[in-house]
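Trainee: Shown below is the structure under consideration.
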Amino acid sequence: MDRRKSLKVVGAGLLAGTVPFGGGLFARDRQHRDHFADNGFGEGVAVVQHPAGEYLDGKTYVSYQGPLEDPYVAAYDHESQTWTGPFKAGTSILGKDSAKKIDSHGKPTMIIDDEGYIHIFYGGHGGVTELHGENPIGGVHSGENRHAVSQKPYDITRWRDLNNVSPFGTYNQAIKMDNGDIYLFYRHGAHRSNWVYQKSTDNGLTFSEPVSFLKTKRRDDGMGADSWYASVSKGQGDEIVLAFDYHYCWDRGAPRNNRGGHSTERKNLYFVKFDATENRWMNVEGEEISIPITKEVADQKALAVDTGDLWTFNGITRVDEDGMPHINAYIGQDIGWQIGGPKYASYFRWNGEEWVGNVKSGLPIGRGDYLVDGQNVRFLLSGVKPDSDVTQVRWWESRDGGMSFKPGKLLLEFSGSDMPPAREAPQRPKSLSNLDSPGSAASAFIRNAHPDARMIIAEKPKGSDWRRLYLVGDKGPIGRIQEG
């Protein structure tokens with residue numbers, strides 16, 4: 001018996017009728033295209049919402065933000081070399097008011113449970129008081145965090161909403177443990193909100209109440225609030241590892257909030273780990289830490305990298321085969337932009353005694369993910385080639401433990417002046433997030449990625465908010481041919 005039959009089917013008429021995207025996706029002459037879809041919208045994907053896809057039993061499943069800021073899902077069969085989809089997988093309350101800025105905070109996060117059902121978490125940017133009531137551990141902004149699941153295992157054509165996670169969630173990050181438990185980590189509201197996790201022990205049918213692990217509170221100087229951005233990954237065994245940076249969430253009238261609009265000043269890198277079996281939080285040396293973690297405790301027990309005057313942006317946290325942690329972030333000088341300035345990919349590792357690494361190690365301004373094998377560190381990054389509008393997706397290689405990097409194999413290249421997708425775009429105000437990653441947006445690595453399909457890249461041509469989506473691996477992009 002399908003245990004999900006009692007669940008409410010949301011938008012069944014619309015979703016059941018969804019078919020693989022035609023209408024302008026490709027020319028009708030069976031021409032090959034390097035991209036698998038051209039209906040990405042806004043940022044499309046990002047490193048922070050992860051994973052955006054998963055490889056399982058010969059197929060790579062991918063998700064992204066599409067028209068009207070709704071989630072879309074596609075799948076690639078590696079044996080038959082064919083694509084299915086994209087299909088619309090849910091309806092976000094974001095993106096329906098043309099007077100509001102494009103909001104990419106609700107991009108989908110994907111995980112597949114032990115029964116083969118595909119889950120996506122999407123649509124959140126803090127919640128709305130009129131719809132969801134007061135946020136008990138933070139503020140509100142917009143959107144509604146939602147959880148959708150495929151109606152059949154491994155089938156992306158039909159979906160239903162489960163409505164079992166907090167509507168206040170933002171920046172969903174999903175982890176499946178070895179025993180099948182699913183953890184969902186996110187910020188519980190707008191900037192001034194605690195970070196929390198919810199746990200499911202029944203393949204996502206139900207989730208526990210949110211548990212706070214990072215605390216927001218007023219700053220001692222009275223000029224703003226302590227705020228955070230976190231990156232969460234599965235460690236070894238029953239451990240979960242987290243890196244986070246500190247957000248100076250200044251009040252509107254604070255002297256340092258002088259850029260016109262909300263400050264995005266973020267600094268320092270911190271690291272903690274969570275033993276999910278014993279329910280213990282610890283720093284890198286194993287010293288126990290009480291949650292929710294405050295700024296004072298983080299500075300004292302969890303500080304990994306003091307970035308000084310440099311501004312930060314989260315990357316990915318990982319452990320290697322020996323269980324040693326690694327942190328990636330994007331770090332750059334404040335040159336007066338509202339976002340501070342462009343940020344270089346940076347890498348740090350724990351050597352058993354201290355954190356080592358360089359802010360500038362030869363890695364470019366870009367976004368992506370990385371692999372570690374002993375002293376060999378490889379980054380797959382998408383970024384704009386200096387002094388041009390050409391975006392390059394390529395490997396960057398280090399043989400000295402990440403202290404220095406050199407460019408490796410080029411996998412994909414496109415120009416900002418390339419013709420945008422032939423779609424009529426709604427006239428929407430631009431969002432701030434578009435400023436920090438010109439040319440493209442990148443996902444984190446696909447969960448359990450096939451070497452041919454490691455990462456989703458969203459091309460951002462000038463003059464358009466539509467995005468071509470590429471699935472990129474060691475042989476370059478996996479394209480498709482339009483049938484009919």
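Chain lettering (A, B, ...) mirrors the order of the structure tokens, residue numbering begins at 1 for each chain separately, and ligand numbering begins at 1 in order of display.
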Which residues are close to A:Asp322, i.e. within 12 Å by only C-alpha atoms, leaving aside same-chain residues fewer than 4 positions away? Reply as an NGL selection string.
Mentor: :A and (235-237 or 318 or 326 or 350-352 or 372-374)
Trainee: Looking only at the backbone, which of the residues in stretch 11-157 of chain A does DSSP tag as alpha helix (DSSP H), as a list in words?
Mentor: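 Reading the DSSP output for stretch 11-157 of chain A, alpha helix (DSSP H) covers Ala12, Gly13, Leu14, Leu15, Ala16, Thr129, Glu130, Leu131 and His132 of chain A.
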Trainee: Write out as a ChimeraX atom specification each polymer residue whose atoms come within 12 Å of A:Pro255, counting only C-alpha atoms; drop sequence neighbours fewer than 6 positions from it.
Mentor: /A:221-224,263
Trainee: Do you have, as a Markdown table, the list of residues of stretch 117-230 of chain A lying at most 10 Å from stretch 266-275 of chain A, each with its nearest atom pair and that distance in Å to one decimal, counting only C-alpha atoms and ordered by chain then number?
Mentor:
| residue | atom | partner | partner_atom | distance |
| --- | --- | --- | --- | --- |
| A:Phe213 | CA | A:Phe274 | CA | 10.0 |
| A:Ser227 | CA | A:Arg266 | CA | 9.1 |
| A:Trp228 | CA | A:Arg266 | CA | 8.3 |
| A:Tyr229 | CA | A:Arg266 | CA | 8.6 |
| A:Ala230 | CA | A:Tyr270 | CA | 9.2 |
Trainee: Generate a file of the selected residues that holds C-alpha atoms, formatted as a PDB file, in the first residue's frame.
Mentor:
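Printed below is out_33.pdb as written:
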ATOM      1  CA  PHE A 213      21.663  25.203  16.915  1.00  0.00           C
ATOM      2  CA  SER A 227      23.203  36.506  12.538  1.00  0.00           C
ATOM      3  CA  TRP A 228      24.661  33.522  10.677  1.00  0.00           C
ATOM      4  CA  TYR A 229      24.998  31.624   7.413  1.00  0.00           C
ATOM      5  CA  ALA A 230      25.716  27.901   7.689  1.00  0.00           C
TER       6      ALA A 230
END
Trainee: Can you pull out the residues contacting A:Glu265? Cut-off 12 Å, using only C-alpha atoms, and skip same-chain residues under 4 positions away; I want them as a count of residues only.
Mentor: 35
Trainee: Please extract the residues of stretch 114-341 of chain A with a backbone DSSP assignment of strand (DSSP E or B) and present them as a ChimeraX atom specification.
Mentor: /A:118-126,142-150,159-161,169-176,182-188,195-200,211-214,217-218,224-234,239-250,266-275,280-282,288,293,303-305,311-319,325-332,337,340
Trainee: From the options A:Arg219, A:Arg399, A:Arg428, A:Lys409, which residue's atoms come nearest to A:Leu381, counting only C-alpha atoms?
Mentor: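 Answer, going by the shortest atom-to-atom distance: A:Lys409.
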Trainee: Rank nothing, just name the residue among A:Glu209, A:Asp320, A:Asp114, A:Asp103 nearest to A:Ser233, using only C-alpha atoms.
Mentor: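 Checking each candidate against A:Ser233, we get A:Asp320 as the closest.
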Trainee: I'd like the neighbourhood of A:Ile291 as a ChimeraX atom specification, where a residue qualifies if any of its atoms comes within 9 Å (using only C-alpha atoms), though same-chain residues fewer than 6 positions away should be ignored.
Mentor: /A:212-215,281
Trainee: Can you list every residue of stretch 80-101 of chain A that has an atom at most 12 Å from stretch 450-473 of chain A, with its nearest atom pair and the distance in Å to one decimal, using only C-alpha atoms, ordered by chain then number, as a Markdown table?
Mentor:
| residue | atom | partner | partner_atom | distance |
| --- | --- | --- | --- | --- |
| A:Gln81 | CA | A:Asp452 | CA | 11.3 |
| A:Trp83 | CA | A:Leu471 | CA | 11.1 |
| A:Pro86 | CA | A:Leu469 | CA | 10.8 |
| A:Lys101 | CA | A:Asp465 | CA | 11.5 |
Trainee: Hey, can you check how far atom CA of A:Ala444 sits from atom CA of A:Glu79?
Mentor: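 One can read the atom CA of A:Ala444 to atom CA of A:Glu79 distance as 23.9 Å.
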Trainee: Need the shell around A:Ile446: protein/DNA/RNA residues with any atom at most 7 Å away, counting only C-alpha atoms. Skip same-chain ones fewer than 6 positions apart. Format as a PDB file with N, CA, C and O atoms, in the first residue's frame?
Mentor:
ATOM      1  N   PRO A  51      21.723  19.204  -1.304  1.00  0.00           N
ATOM      2  CA  PRO A  51      22.073  19.014  -2.709  1.00  0.00           C
ATOM      3  C   PRO A  51      20.915  19.408  -3.631  1.00  0.00           C
ATOM      4  O   PRO A  51      19.760  19.338  -3.224  1.00  0.00           O
ATOM      5  N   ALA A  52      21.247  19.808  -4.846  1.00  0.00           N
ATOM      6  CA  ALA A  52      20.221  20.135  -5.836  1.00  0.00           C
ATOM      7  C   ALA A  52      19.889  18.939  -6.702  1.00  0.00           C
ATOM      8  O   ALA A  52      18.996  19.020  -7.548  1.00  0.00           O
ATOM      9  N   GLY A  53      20.602  17.834  -6.508  1.00  0.00           N
ATOM     10  CA  GLY A  53      20.333  16.646  -7.301  1.00  0.00           C
ATOM     11  C   GLY A  53      20.986  15.430  -6.681  1.00  0.00           C
ATOM     12  O   GLY A  53      21.752  15.524  -5.714  1.00  0.00           O
ATOM     13  N   GLU A  54      20.686  14.252  -7.254  1.00  0.00           N
ATOM     14  CA  GLU A  54      21.234  13.010  -6.726  1.00  0.00           C
ATOM     15  C   GLU A  54      21.365  11.985  -7.849  1.00  0.00           C
ATOM     16  O   GLU A  54      20.506  11.897  -8.735  1.00  0.00           O
ATOM     17  N   TYR A  55      22.451  11.207  -7.791  1.00  0.00           N
ATOM     18  CA  TYR A  55      22.643  10.089  -8.713  1.00  0.00           C
ATOM     19  C   TYR A  55      22.288   8.793  -7.998  1.00  0.00           C
ATOM     20  O   TYR A  55      22.756   8.534  -6.884  1.00  0.00           O
ATOM     21  N   ARG A 454      28.437  15.983 -12.371  1.00  0.00           N
ATOM     22  CA  ARG A 454      28.798  16.390 -11.018  1.00  0.00           C
ATOM     23  C   ARG A 454      28.040  17.614 -10.521  1.00  0.00           C
ATOM     24  O   ARG A 454      27.771  17.745  -9.325  1.00  0.00           O
ATOM     25  N   MET A 455      27.693  18.542 -11.399  1.00  0.00           N
ATOM     26  CA  MET A 455      27.251  19.860 -10.961  1.00  0.00           C
ATOM     27  C   MET A 455      26.286  20.479 -11.971  1.00  0.00           C
ATOM     28  O   MET A 455      26.403  20.243 -13.179  1.00  0.00           O
TER      29      MET A 455
END
Trainee: Which of these residues is nearest to A:Val232, using only C-alpha atoms: A:Ser200, A:Ser382, A:Gln49, A:Asn358?
Mentor: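 Of A:Ser200, A:Ser382, A:Gln49, A:Asn358, the one nearest A:Val232, counting only C-alpha atoms, is A:Gln49.
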Trainee: When distances are computed from only C-alpha atoms, which of A:Leu184, A:Ile93, A:Val359, A:Val128 shows the smallest separation from A:Met110?
Mentor: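 Among A:Leu184, A:Ile93, A:Val359, A:Val128, it is A:Leu184 that comes nearest to A:Met110.
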Trainee: Using only C-alpha atoms, what does the table of stretch 32-53 of chain A residues within 12 Å of stretch 361-371 of chain A look like, with each row giving the shortest atom pair and its distance in Å to one decimal, sorted by chain and ascending number, as a tab-separated table?
Mentor:
residue	atom	partner	partner_atom	distance
A:Val45	CA	A:Gly368	CA	11.0
A:Ala46	CA	A:Arg367	CA	8.5
A:Val47	CA	A:Gly368	CA	6.7
A:Val48	CA	A:Gly368	CA	10.2
A:His50	CA	A:Asp369	CA	11.1
A:Pro51	CA	A:Asp369	CA	11.3
Trainee: In Å, rounded to a single decimal, give me how far atom CA of A:Glu285 is from atom CA of A:Glu354.
Mentor: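 That distance, rounded to one decimal, is 9.7 Å.
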